[in-house]
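**Student:** Handing you this structure, nothing more for now.
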Amino acid sequence: MVFFSARVNMLLRGIVVLALAVVPLTRPLDVRGQQTPEGLNVDSILAILDTIPRPFMTFTPSYTARLTGNVTSVGWTNQFSNQSPFGRRGSLRIGLDTDRKDFRLQDRLEESKALTSRLVYQLGPNMNSGLSFNNTRQFNRVIAAAGGLQDFSLNNQVANGDLAYRTRVLNDVRVDGRIEGQLNDSEQTFKRDRSARAGINGGAGYNVFGRFAAIRVRGAYAQTTASSQTGAGGQGKLGGLGGFQDSVVTRIDVRVSDSLTVAFDYSDFESERDYADQARGSTGAQQLGSQNVILEHESRRTRDWGIAMASEPWRALRLSVKFRESDQLQDFDNNNTRDSRTISDDISADFQYAPRSGTQFSLRLSNRVRTFDFGTQSLNGRDQFTKSASINFRHSFTNTLSADLTVQNAIDQAEYVRKEENPRDRDQVDTSLNLRITSQPFNPLSVNVVVTSWVTDYVNIDQSLSSDNRRKEKYDLRPSFTYAVSEHVSLNQEYGLAIEFTDHFFRPEDNFLDRNITFRNGLKTKLTTNTNVQIDYNLRLHDKGSYLIPDGAIERELEVQSEDRNDRLDTRLEYRINAHVRAEVTHEYNRRRDEFVSTGRVTYRTDTGIEGGLIGNYTVGESGKFSFNIRKVNRAGDFVSERQKDYWQVSSEFRYAF
Amino acid sequence: MLGGCLFEARDAEPPGSGGQDQIPLDDPTDVFSALKRSLESRLSGNYENALSDNFVFLPMINDEQDPTFPPGIFDNWTKQIEKDVLQQIFGDYGTLSVTFATSRDINENDYVRFRAEYDLITTDAGSPTDSTRYRAVAHIDTRNENGNWRIDRWEDIEQTAAPGGGFYRSWGFLRGAVRQRLGG
């Protein structure tokens with residue numbers, strides 16, 4: 001309800017803003033000649049503006065340069081743009097972008113360049129025109145391990161012209177239309193595609209009796225003609241490609257009463273296209289070369305409709321119900337193993353009750369049915385049923401103590417049409433509980449406790465797959481405390497206990513248990529006005545193994561198969577040199593011990609690393625900015641590769657609007 | 001404790017033979033054993049277990065620009081999408097086999113980036129003699145999550161040349177084609 005009324009308000013606000021923006025620049029019929037108390041009207045304002053001398057074009061360029069480097073790559077980006085008024089009613093934007101990234105760990109580079117330009121010109125009170133030209137070039141080179149070059153390039157040139165008209169009839173009806181033409185020339189490594197596209201779209205909106213109802217209709221149609229050429233010399237050329245796209249979208253919003261709204265929408269999209277595809281060999285390898293170009297025909301159709309009702313019978317109670325049905329169809333002439341049709345029906349209901357500030361109860365129920373049809377050749381056609389229920393309860397007991405509880409239960413079921421040949425019927429049931437308690441018993445101390453539990457059942461119905469059926473059950477408890485000892489010192493501690501059971505329904509001998517205990521201790525101190533120190537210690541103890549009833553015992557016991565311990569210490573020292581620059585040094589120590597109980601093998605791995613550098617932020621002039629982050633990284637460890645041991649990590653950005 | 005709150009799964013038939021053990025993910029290379037075991041048995045357990053909840057997939061530029069695909073087919077590729085695509089692949093193909101040839105590009109205590117050349121062979125469920133190969137090179141990033149190594153990023157980076165010219169399609173192309181069939 002709130003959402004819907006917000007939408008209505010947004011729509012009304014949008015109309016007002018649009019009117020405020022358009023009226024001063026245009027001369028709509030219904031305001032022509034109307035005099036303001038001061039004796040001015042829109043025509044006279046425009047006439048006054050037209051008499052103010054100013055240059056035909058002015059330039060307001062802006063430039064951004066960005067450099068990044070780390071262990072994997074070094075990249076360099078330049079962006080230049082200029083926004084200029086074009087005459088009295090136009091504007092021109094030109095952008096030039098270049099981007100290059102060289103990879104350090106393999107012989108690979110990526111490069112892209114783009115020229116974008118757009119001229120917008122107001123032809124009349126309700127009519128705008130636009131011309132744009134974009135040229136983008138992407139280049140990707142990989143030098144394969146065997147030494148061969150693998151280049152991929154994509155050069156795309158697009159010229160576009162459009163004309164848009166918008167007006168208002170009888171105050172309550174808005175009408176708009178747009179005509180667009182586009183030429184596209186796309187050159188890829190092995191082929192060149194050219195296309196011409198013309199499109200028209202239009203829409204109308206009608207507000208019935210003010211805010212009682214709003215009706216919107218929009219339609220679009222586009223026709224494309226294209227050609228594709230693979231290889232040099234004209235062989236492998238396919239002409240007469242392309243196709244059409246046709247769509248219609250409608251929406252009706254009705255405010256039945258102050259507390260009840262209903263919305264209905266419908267959309268229909270249809271397209272056909274012919275395009276050039278590469279044939280595949282018997283093993284699936286894409287066969288390059290002009291002789292292997294095939295003509296493919298694709299048809300697509302999507303229909304979608306929905307109805308939503310929202311009600312707010314009392315101030316504290318909100319109800320909403322939504323239904324949606326969609327039907328998607330894809331059909332290919334040659335590669336018809338890719339044919340598909342998906343029909344989906346969704347219904348959901350929401351109930352929200354907030355009797356007072358700080359207390360809220362909500363319930364959400366949903367049901368979804370999907371039918372997947374992949375044609376007669378496929379064994380994969382199926383119906384899929386998904387149901388879910390979710391309850392949330394939030395309550396603030398006092399100003400310093402609150403709780404948030406969510407319980408969810410969902411089921412997903414797949415039923416195959418040809419289950420005799422493809423017996424993959426399966427169910428998955430998910431249940432979860434999440435409780436968060438937040439408390440601040442006294443001012444410098446705050447406490448959070450999060451308790452989470454998940455249970456998931458994986459059930460394959462057929463005997464050929466049911467041996468894998470299992471239940472995963474996970475319990476997670478995470479209390480944490482933050483204690484601000486003084487203005488300069490704060491402590492943060494987090495504890496975690498996570499236990500995950502895997503129980504097989506038919507193979508109890510494979511039942512499994514995985515346990516984690518984690519602890520984090522963080523200390524933040526401000527040693528001097530300009531010096532901060534942060535120390536974090538993390539400990540993780542983990543073990544796992546079979547979880548069975550030993551002979552003669554009654555209860556299950558964990559037989560540990562492997563256990564590991566991870567200690568990690570991170571230290572960070574920061575010193576502010578001046579208002580713009582600070583120095584930062586971080587040190588990391590990471591030690592891991594793995595023990596495989598059955599073999600008695602114990603391994604240790606230690607990683608250490610130190611990074612130090614400068615971080616700066618400068619303002620250049622009134623609208624410029626320069627920032628940098630440059631640091632030297634040294635790493636050491638049992639398995640650290642040579643290139644990781646010593647490298648620079650750099651990022652810098654310079655931005656200036658002239 | 002929480003199982004079967006509102007919704008209950010259907011009763012399953014007692015198993016015939018076979019099944020798959022859960023591969024322990026004690027070492028970064030264990031993720032490849034888990035993927036292989038899962039694909040070859042066409043059971044999703046080990047595959048899902050080997051993926052981090054933060055899993056993302058990034059295609060090669062060739063696949064992203066392929067005229068077969070509508071724009072955005074590879075966008076926001078999450079673990080849930082990977083699971084849906086995997087189930088579809090299991091249903092589409094009668095047999096699946098995969099091999100990985102790996103080397104380590106980045107090697108840290110809690111993070112390893114593999115350069116892996118994979119070779120996935122699928123056999124059509126409807127016509128078992130019709131097999132297709134998907135081969136390419138990927139960067140597969142694994143992270144230690146609470147003591148278990150899992151894949152959190154898979155980026156196809158390099159095509160593999162096919163004998164007689166041309167290149168093999170990548171697993172990423174197969175992923176895109178399957179997601180398109182599922183309705184994006």
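Residues in the structure tokens are named by chain (A, B, ... in the order shown) and by number from 1 within that chain; ligands are numbered from 1 in the order shown.
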For a quick test of understanding: name the residues of chain B lying within 6 Å of chain A when counting only C-alpha atoms, and present them as a PyMOL selection string.
**Tutor:** chain B and resi 3+9+12-16+19+91-92+107-108+132-133+166-169+181
**Student:** Mind checking which residues fall within 9 Å of Arg216 in chain A, counting only C-alpha atoms, ignoring those fewer than 4 positions away in the same chain, and posting them as a list of chain:residue names?
**Tutor:**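 Returned residues: A:Gly203, A:Ala204, A:Gly205, A:Tyr206, A:Asn207, A:Val249, A:Thr250, A:Arg251, A:Ile252, A:Asp253.
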**Student:** Suppose we keep N, CA and C atoms; can you now write the selection as a short mmCIF file (atom, residue, chain, number, x, y, z; two decimals), in the first residue's frame?
**Tutor:**
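For reference, part.cif as written:
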data_model
loop_
_atom_site.label_atom_id
_atom_site.label_comp_id
_atom_site.auth_asym_id
_atom_site.auth_seq_id
_atom_site.Cartn_x
_atom_site.Cartn_y
_atom_site.Cartn_z
N GLY A 203 3.83 5.97 -26.71
CA GLY A 203 3.07 5.61 -25.53
C GLY A 203 2.08 6.69 -25.17
N ALA A 204 1.11 6.30 -24.37
CA ALA A 204 0.13 7.27 -23.90
C ALA A 204 -0.19 6.96 -22.45
N GLY A 205 -0.42 8.00 -21.67
CA GLY A 205 -0.79 7.82 -20.28
C GLY A 205 -2.04 8.65 -19.99
N TYR A 206 -2.99 8.08 -19.25
CA TYR A 206 -4.25 8.77 -18.99
C TYR A 206 -4.55 8.67 -17.50
N ASN A 207 -4.67 9.81 -16.86
CA ASN A 207 -5.05 9.82 -15.45
C ASN A 207 -6.56 10.03 -15.36
N VAL A 249 3.26 -2.93 -24.10
CA VAL A 249 3.23 -2.99 -22.63
C VAL A 249 2.08 -2.12 -22.15
N THR A 250 1.25 -2.67 -21.26
CA THR A 250 0.17 -1.85 -20.68
C THR A 250 0.18 -2.00 -19.16
N ARG A 251 -0.30 -0.96 -18.51
CA ARG A 251 -0.40 -1.03 -17.05
C ARG A 251 -1.57 -0.16 -16.62
N ILE A 252 -2.38 -0.69 -15.72
CA ILE A 252 -3.52 0.07 -15.18
C ILE A 252 -3.42 0.04 -13.66
N ASP A 253 -3.41 1.20 -13.06
CA ASP A 253 -3.40 1.31 -11.60
C ASP A 253 -4.72 1.93 -11.16
#
**Student:** When DSSP works through the backbone of this structure, what residues of range 393-631 of chain A end up as strand (DSSP E or B), shown as a PyMOL selection string?
**Tutor:** chain A and resi 393-398+401-416+426-442+445-460+470-484+489-504+512-528+531-548+557-576+581-596+601-620+624-631
**Student:** Env of Thr142 in chain B: 9 Å cut, atoms = only C-alpha atoms, seq-sep filter 4 positions within chain, self excluded. Answer as a ChimeraX atom specification.
**Tutor:** /B:28-29,31,51-52,110-114,149-153
**Student:** Between CA of Leu96 in chain A and CA of Asn134 in chain A, what is the distance in Å, rounded to a tenth?
**Tutor:**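 If I compute the distance from CA of Leu96 in chain A to CA of Asn134 in chain A, I get 9.9 Å.
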**Student:** Using only C-alpha atoms, which residues sit within 12 Å of Val158 in chain A once same-chain residues fewer than 5 positions away are excluded, as a PDB file with C-alpha atoms, in the first residue's frame?
**Tutor:**
ATOM      1  CA  ALA A 114      35.919   4.339 -27.281  1.00  0.00           C
ATOM      2  CA  LEU A 115      34.807   7.509 -28.976  1.00  0.00           C
ATOM      3  CA  THR A 116      31.294   8.550 -28.016  1.00  0.00           C
ATOM      4  CA  SER A 117      29.453  11.614 -29.170  1.00  0.00           C
ATOM      5  CA  ARG A 118      25.866  12.777 -28.865  1.00  0.00           C
ATOM      6  CA  LEU A 131      22.342  12.397 -33.286  1.00  0.00           C
ATOM      7  CA  SER A 132      25.025  10.149 -31.925  1.00  0.00           C
ATOM      8  CA  PHE A 133      28.092   8.361 -33.168  1.00  0.00           C
ATOM      9  CA  ASN A 134      29.985   5.791 -31.144  1.00  0.00           C
ATOM     10  CA  ASN A 135      33.126   3.953 -32.108  1.00  0.00           C
ATOM     11  CA  THR A 136      34.371   1.301 -29.695  1.00  0.00           C
ATOM     12  CA  ARG A 137      37.379  -0.943 -30.173  1.00  0.00           C
ATOM     13  CA  GLY A 181      17.325   5.009 -37.103  1.00  0.00           C
ATOM     14  CA  GLN A 182      20.629   3.243 -36.537  1.00  0.00           C
ATOM     15  CA  LEU A 183      23.529   2.080 -38.677  1.00  0.00           C
ATOM     16  CA  ASN A 184      25.929  -0.469 -37.222  1.00  0.00           C
ATOM     17  CA  ASP A 185      29.235  -1.701 -38.607  1.00  0.00           C
ATOM     18  CA  SER A 186      30.837  -4.363 -36.449  1.00  0.00           C
ATOM     19  CA  GLU A 187      34.150  -5.998 -37.276  1.00  0.00           C
ATOM     20  CA  ASP A 193      28.563  -7.580 -39.619  1.00  0.00           C
ATOM     21  CA  ARG A 194      26.661  -4.612 -40.934  1.00  0.00           C
ATOM     22  CA  SER A 195      23.117  -3.681 -40.063  1.00  0.00           C
ATOM     23  CA  ALA A 196      20.562  -0.924 -40.455  1.00  0.00           C
ATOM     24  CA  ARG A 197      17.753  -0.605 -37.958  1.00  0.00           C
TER      25      ARG A 197
END
**Student:** Need the shell around Gln88 in chain B: protein/DNA/RNA residues with any atom at most 9 Å away, counting only C-alpha atoms. Skip same-chain ones fewer than 5 positions apart. Format as a PyMOL selection string?
**Tutor:** (chain A and resi 380) or (chain B and resi 83+93+178-179+182)
**Student:** Taking N, CA and C atoms for each residue, export the selection above as a compact mmCIF listing (two decimals), in the first residue's frame.
**Tutor:**
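Written output follows (result.txt):
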# COMPACT_ATOMS: atom_id res chain seq x y z
N ASN A 380 14.67 -33.62 -20.98
CA ASN A 380 14.80 -32.78 -19.79
C ASN A 380 13.54 -31.99 -19.45
N LYS B 83 24.06 -23.87 -10.12
CA LYS B 83 23.37 -25.11 -9.74
C LYS B 83 22.24 -25.44 -10.71
N TYR B 93 22.38 -34.59 -20.77
CA TYR B 93 23.42 -35.49 -21.26
C TYR B 93 23.40 -36.82 -20.53
N VAL B 178 22.84 -23.03 -21.94
CA VAL B 178 21.88 -23.67 -21.02
C VAL B 178 21.07 -22.60 -20.27
N ARG B 179 21.75 -21.54 -19.85
CA ARG B 179 21.01 -20.49 -19.13
C ARG B 179 19.97 -19.85 -20.04
N LEU B 182 16.97 -21.89 -20.12
CA LEU B 182 16.19 -21.83 -18.88
C LEU B 182 15.44 -20.51 -18.75
**Student:** Work out how far apart CA of Tyr165 in chain A and CA of Asn128 in chain A are and give it in Å to one decimal.
**Tutor:**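 Rounded to one decimal, the two atoms are 6.5 Å apart.
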**Student:** Skip Gly621 in chain A itself and residues of its chain fewer than 6 positions away, then list as a PyMOL selection string all residues within 12 Å of it, counting only C-alpha atoms.
**Tutor:** chain A and resi 655-658
**Student:** Name the residues of range 468-511 of chain A that fall into helix (DSSP H, G or I) according to DSSP on the backbone, using the chain letters and numbers of this document, as a compact mmCIF listing (two decimals) with C-alpha atoms, in the first residue's frame.
**Tutor:**
# COMPACT_ATOMS: atom_id res chain seq x y z
CA ASP A 468 23.00 -39.60 -2.63
CA PRO A 508 24.47 -43.92 7.33
CA GLU A 509 28.03 -45.26 7.21
CA ASP A 510 28.98 -42.08 5.32
**Student:** For Phe100 in chain B, which residue out of B:Thr68, B:Ser33, B:Thr160, B:Asn148 is the nearest one, using only C-alpha atoms?
**Tutor:** B:Ser33
